[in-house]
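Peer 1: I am attaching a structure below and will ask some questions about it afterwards.
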Amino acid sequence: MRVFLCEKPSQARDIARVVGATRKGDGCLKGDDGTVVTWCFGHLMELAPPEVYDPALKTWSFDTLPILPGNRWRMEVKKSARKQFAVIKKLLKSAKEVVIATDADREGELIAREVLSHLRWQGRTLRLWLSALDDASIRKALANMLPGSKTEPLYYAGLARSRADWLVGMNLTRLYTLIGRSQGVEGVLSVGRVQTPTLRLVVERDREIESFVPQPYWDVEADCVAAGGQFTAKWDPDEGVCDPQGRCTNRQTALNVAQSVSGTVGHVISAESKEMSEQPPLPFELAGLQQVASKRWGMSASRVQEVAQSLYETHKATTYPRTDCPYLPLSQLGEAGEVLNAMQRSDPELKELVQRADLSRQSRAWNDKKITAHHAIIPTAQVVDVGRMNDDERKIYDLIRRRYLAQFFPEHRYRKTTIILGFGEHRFKAGGNVTSRPGWKEAVGVTDADRKGDARQPLPRLSEGDDVRCAEARVLDKETKPPAHYTEGTLTQAMKSVGKMVEDPRLKRVLKETSGIGTVATRAAIIEVLLQRGYMRREGRKKYLVSTPKGRALLDVLPEQVKDPAMTALWEQALDDIASGAGSLADFMSRQSQWVSTLIGAVRQEKRTGSAPDLSNGAAPVHACPDCSKPMRRRKGTKGYFWGCTGYPDCKTTLPDSRGKPGKRSAGLAKGKGREKEEAGGSCPDCGKGRLIARTINKGRNAGKRFLGCSGYPKCHHFSWIS
């Protein structure tokens, strides 16, 4: 007897229909040829709680930490799953062969194999690797089944993930909850291997916004008239009157420029026009789909994942959704005609677009070298009933199918024009884009927001030396803006690409901007956990994610290793190594156990010496003053957050705030000539009150240049280049 073990009943019904198992049995579907299809309900098994190892561990106590199962890890059948587990157990007694048919990922492998392991299955094992649940895809997968050994490393990676989460969650949640209780804090303070670094991303972004001090600046805009038409140009200020980002910081200067050019005739210094092209965007992976849906409709990450799963499972309209790969295998290029035909038969409104698609086009999306365990989310070749979809399903389905359709449309082409004007000593710049061929943008559909974002003025054809009259110039009051709060879409992208945020060159090299926090399948759930536990909340029409005092208080007392996103990303990379066969479960768990033991030992020592973290008021962990060694505390002044010594007024040391931690003191500049001899921290020569701060310009035409500015800005505008 061959037994197919699926992840859930709906998946089992789809497979059973194709393999001919149509007779209902007890917790299974049976075929006349001895084939049986049965199912789990997600995880039927769970890691045993601490008290299973030792009844004394049921009581939370400092003395029993750390809790380390070592090589004695035990699994239990969930109470709600005992009936179905018994069904599977009975079937396996008569089985000659088991086909694992759960979702084709690490978690799906774990769901099936933890059951097989617990039942000590020793028979032949095959793997059905499905990318979609329509009949054609199932038949294709059945004809290409994998040996069980091929995907077994995924099981070990899943075990490693599960056990590491248990170690961190059980031990650190107990540890900090007990510390909180000793200080009068009620409730459980949950700490997680993935959730805590994710919370840190949100807290740090919130604090960056709160400490942001908006700076005023002024633009000058000119209405220009030339022989070929009218357009608007913007003043391009000289270095001497602008900040490092090229913004004018003196209103009177801007007013003088506007007054001096209004009504005058200038000339074209240069006029450059280039034909530009833009390739179609890649098909969707889950994080990209979540980001677009969050931006357009405020849809939560978990809702997008739920809808994408429904399109895959219920409607058979799209392929496997929990993928982090936006590329497609070349082998599927030949199936594109069937997919497009099914799309127009499912929705006649797409007929005109589908008929214009060019199947001979091979976009950059078709790349075997970029394929990971799964390819991008695309429509299936099955005709579907769009009318049976709810509003959210139609929205997500439309995004997916249009992004796929775009692969068979030409490049978007436009003419980009840049004109530099001279009005006396003042330079103005005008830019404009004119679409020459919409290309793939017709396929994806352009929203009002897209049109607003792409809006660029058409410019007349001008040549060097042509006269241009400034009909009127006006001053625009502007202000620098803080970074935006995270949304669920942008947070899932930040979790995925955390390697880009790492400053340490060694870690950045290891991460290679590919590892992230959590997996494509778990990120939405992690966000929901943080919301449910009250560590952050949704806010505003755009449903921004904002950290709560409770979340900040917990984060501030946790050691760096627990909340460091880079460290968690490295753990995820280690799990990927196990999945690929390059790492081992035993080595990974040994390192995790040692790490937890060391961490708890350090906190226990702090507790003995009376320096345990203060959870009662959300104070930050102890940072020693560099001058007197007393603890420093994070405070908020009129210009944002800073760190001050608790020994004040005897010690008046302060340090700048750097992402919630004490920053470095301003150091003297390197030896050199001219202005480089001035030390950062010295008195400002203009106002005599502020101190000079040495900075480096990060971007723009002056990127890399050094300058001195006054700490009293914007009241004092001292600015001097370092030669």
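Residue names in the structure tokens use chain letters A, B, ... in the order shown, residue numbers from 1 in each chain, and ligand numbers from 1 in the order shown.
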Can you tell me, as a PyMOL selection string, what residues are no more than 8 Å from A:Lys542 when counting only C-alpha atoms, ignoring any on the same chain fewer than 2 positions away?

Peer 2: chain A and resi 295+298+487+539-540+544

Peer 1: May I have the selected residues written with N, CA and C atoms, as a PDB file, in the first residue's frame?

Peer 2:
ATOM      1  N   LYS A 295       0.997  48.849   0.465  1.00  0.00           N
ATOM      2  CA  LYS A 295       1.070  50.230  -0.018  1.00  0.00           C
ATOM      3  C   LYS A 295      -0.228  50.660  -0.699  1.00  0.00           C
ATOM      4  N   GLY A 298      -3.384  48.971   2.160  1.00  0.00           N
ATOM      5  CA  GLY A 298      -3.216  48.832   3.605  1.00  0.00           C
ATOM      6  C   GLY A 298      -3.463  47.424   4.091  1.00  0.00           C
ATOM      7  N   THR A 487       5.452  50.032   7.641  1.00  0.00           N
ATOM      8  CA  THR A 487       4.164  49.371   7.431  1.00  0.00           C
ATOM      9  C   THR A 487       4.472  47.867   7.432  1.00  0.00           C
ATOM     10  N   GLU A 539      -1.353  51.916  13.454  1.00  0.00           N
ATOM     11  CA  GLU A 539      -1.763  53.293  13.705  1.00  0.00           C
ATOM     12  C   GLU A 539      -2.005  54.027  12.387  1.00  0.00           C
ATOM     13  N   GLY A 540      -3.080  54.811  12.336  1.00  0.00           N
ATOM     14  CA  GLY A 540      -3.341  55.674  11.188  1.00  0.00           C
ATOM     15  C   GLY A 540      -3.979  54.960  10.019  1.00  0.00           C
ATOM     16  N   TYR A 544       0.410  52.213   9.997  1.00  0.00           N
ATOM     17  CA  TYR A 544       1.824  52.171  10.362  1.00  0.00           C
ATOM     18  C   TYR A 544       2.012  51.307  11.604  1.00  0.00           C
TER      19      TYR A 544
END

Peer 1: Within stretch 272-424 of chain A, find each residue whose DSSP state, derived from the backbone, is strand (DSSP E or B), and express the selection as a list in words.

Peer 2: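 Matching residues for strand (DSSP E or B) in stretch 272-424 of chain A are Glu272, Ser273, Lys274, Glu275, Met276, Ser277, Glu278, Phe284, Thr318, Leu328, Trp366, Ile377, Pro379, His412, Arg413, Tyr414, Arg415, Lys416, Thr417, Thr418, Ile419, Ile420, Leu421, Gly422 and Phe423 of chain A.
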
Peer 1: Go through A:Thr480, A:Ser94, A:Glu221, A:Val529 one by one, measure the shortest atom-to-atom distance of each to A:Arg247 using only C-alpha atoms, and give the residue with the smallest value.

Peer 2: A:Thr480

Peer 1: Any idea what the distance is between atom CA of A:Phe707 and atom CA of A:His426?

Peer 2: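 Computing it gives 23.6 Å between the two atoms.
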
Peer 1: Would you mind listing what lies within 9 Å of A:Leu405 as a list of chain:residue names, with only C-alpha atoms counted and same-chain residues fewer than 2 positions away left out?

Peer 2: A:Leu340, A:Leu353, A:Val354, A:Ala357, A:Ile400, A:Arg401, A:Arg402, A:Arg403, A:Gln407, A:Phe408, A:Phe409, A:Trp440, A:Ala443, A:Val444

Peer 1: Go ahead and compute the interatomic distance for atom CA of A:Asn171 and atom CA of A:Ser61, in Å to one decimal.

Peer 2: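 So the answer is 10.5 Å.
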
Peer 1: Choose the residue, out of A:Glu472, A:Glu411, A:Glu560, A:Asp32, that has the smallest atom-to-atom separation from A:Glu278; count only C-alpha atoms.

Peer 2: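 When distances to A:Glu278 are compared using only C-alpha atoms, the smallest one comes from A:Glu411.
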
Peer 1: Please list as an mmCIF file with N, CA and C atoms, in the first residue's frame every residue within 8 Å of A:Thr173, counting only C-alpha atoms and excluding residues in the same chain fewer than 2 positions away.

Peer 2:
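Generated output (out06.cif):
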data_model
loop_
_atom_site.group_PDB
_atom_site.id
_atom_site.type_symbol
_atom_site.label_atom_id
_atom_site.label_comp_id
_atom_site.auth_asym_id
_atom_site.auth_seq_id
_atom_site.Cartn_x
_atom_site.Cartn_y
_atom_site.Cartn_z
ATOM 1 N N VAL A 168 15.450 29.454 23.120
ATOM 2 C CA VAL A 168 15.436 30.897 23.376
ATOM 3 C C VAL A 168 14.132 31.304 24.044
ATOM 4 N N GLY A 169 13.011 30.836 23.499
ATOM 5 C CA GLY A 169 11.713 31.232 24.051
ATOM 6 C C GLY A 169 11.511 30.778 25.477
ATOM 7 N N MET A 170 11.736 29.509 25.758
ATOM 8 C CA MET A 170 11.521 28.975 27.108
ATOM 9 C C MET A 170 12.454 29.611 28.130
ATOM 10 N N ASN A 171 13.726 29.698 27.808
ATOM 11 C CA ASN A 171 14.700 30.181 28.776
ATOM 12 C C ASN A 171 14.646 31.688 28.981
ATOM 13 N N LEU A 175 13.367 33.876 32.105
ATOM 14 C CA LEU A 175 14.373 34.712 32.765
ATOM 15 C C LEU A 175 13.874 36.135 32.964
ATOM 16 N N TYR A 176 13.417 36.770 31.883
ATOM 17 C CA TYR A 176 13.035 38.182 31.983
ATOM 18 C C TYR A 176 11.664 38.367 32.628
ATOM 19 N N THR A 177 10.812 37.378 32.525
ATOM 20 C CA THR A 177 9.547 37.450 33.260
ATOM 21 C C THR A 177 9.813 37.404 34.763
ATOM 22 N N VAL A 188 3.588 37.960 31.467
ATOM 23 C CA VAL A 188 4.728 37.277 30.858
ATOM 24 C C VAL A 188 5.411 38.213 29.873
ATOM 25 N N LEU A 189 6.731 38.297 29.963
ATOM 26 C CA LEU A 189 7.522 39.101 29.034
ATOM 27 C C LEU A 189 8.135 38.148 28.013
ATOM 28 N N SER A 190 7.525 38.099 26.862
ATOM 29 C CA SER A 190 7.903 37.120 25.844
ATOM 30 C C SER A 190 9.140 37.562 25.075
ATOM 31 N N VAL A 191 10.100 36.650 24.950
ATOM 32 C CA VAL A 191 11.320 36.893 24.183
ATOM 33 C C VAL A 191 11.417 35.808 23.125
ATOM 34 N N GLY A 192 11.716 36.177 21.897
ATOM 35 C CA GLY A 192 11.794 35.194 20.819
ATOM 36 C C GLY A 192 13.021 35.394 19.953
#

Peer 1: Just give me the gap between atom CA of A:Thr568 and atom CA of A:Gly518 in Å, one decimal is fine.

Peer 2: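 Calculated distance between atom CA of A:Thr568 and atom CA of A:Gly518 is 8.2 Å.
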
Peer 1: Name the residues in contact with A:His375 at a cut-off of 8 Å, using only C-alpha atoms, excluding same-chain residues fewer than 2 positions from it; report them as a ChimeraX atom specification.

Peer 2: /A:323-329,371-373,377

Peer 1: Residues as selected, C-alpha atoms, written as a PDB file, in the first residue's frame, can you do that?

Peer 2:
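Contents of out-v1.pdb, as written:
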ATOM      1  CA  THR A 323       8.453  31.713  -2.038  1.00  0.00           C
ATOM      2  CA  ASP A 324      11.290  34.217  -1.806  1.00  0.00           C
ATOM      3  CA  CYS A 325      12.339  33.821  -5.447  1.00  0.00           C
ATOM      4  CA  PRO A 326      11.074  36.226  -8.167  1.00  0.00           C
ATOM      5  CA  TYR A 327      12.523  34.194 -11.066  1.00  0.00           C
ATOM      6  CA  LEU A 328      11.148  31.428 -13.286  1.00  0.00           C
ATOM      7  CA  PRO A 329      12.744  28.267 -14.745  1.00  0.00           C
ATOM      8  CA  ILE A 371      15.909  29.521  -8.959  1.00  0.00           C
ATOM      9  CA  THR A 372      15.896  28.431  -5.314  1.00  0.00           C
ATOM     10  CA  ALA A 373      13.548  25.829  -3.798  1.00  0.00           C
ATOM     11  CA  ILE A 377       4.242  33.258  -7.869  1.00  0.00           C
TER      12      ILE A 377
END

Peer 1: Please return as a PyMOL selection string: the residues of stretch 412-508 of chain A that backbone DSSP assigns to alpha helix (DSSP H).

Peer 2: chain A and resi 441-444+448-454+488-496+505-508

Peer 1: Give me a file of those residues, with C-alpha atoms, as an mmCIF file, in the first residue's frame.

Peer 2:
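result-v7.cif was written with the following content:
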data_model
loop_
_atom_site.group_PDB
_atom_site.id
_atom_site.type_symbol
_atom_site.label_atom_id
_atom_site.label_comp_id
_atom_site.auth_asym_id
_atom_site.auth_seq_id
_atom_site.Cartn_x
_atom_site.Cartn_y
_atom_site.Cartn_z
ATOM 1 C CA LYS A 441 3.230 49.432 -18.068
ATOM 2 C CA GLU A 442 0.099 48.788 -20.100
ATOM 3 C CA ALA A 443 0.090 45.207 -18.855
ATOM 4 C CA VAL A 444 0.533 45.936 -15.148
ATOM 5 C CA ASP A 448 -3.368 57.129 -9.898
ATOM 6 C CA ALA A 449 -0.549 56.890 -7.341
ATOM 7 C CA ASP A 450 1.795 55.590 -10.038
ATOM 8 C CA ARG A 451 0.870 58.438 -12.367
ATOM 9 C CA LYS A 452 1.501 60.974 -9.622
ATOM 10 C CA GLY A 453 4.862 59.424 -8.799
ATOM 11 C CA ASP A 454 5.932 59.324 -12.475
ATOM 12 C CA GLU A 488 3.711 45.620 7.360
ATOM 13 C CA GLY A 489 4.860 45.611 3.757
ATOM 14 C CA THR A 490 8.049 47.587 4.357
ATOM 15 C CA LEU A 491 8.791 45.669 7.575
ATOM 16 C CA THR A 492 8.640 42.300 5.817
ATOM 17 C CA GLN A 493 11.064 43.681 3.217
ATOM 18 C CA ALA A 494 13.359 44.968 5.997
ATOM 19 C CA MET A 495 13.241 41.539 7.664
ATOM 20 C CA LYS A 496 14.169 39.922 4.363
ATOM 21 C CA PRO A 505 32.062 44.674 7.115
ATOM 22 C CA ARG A 506 32.723 41.092 8.238
ATOM 23 C CA LEU A 507 29.065 40.365 8.928
ATOM 24 C CA LYS A 508 27.985 42.137 5.764
#
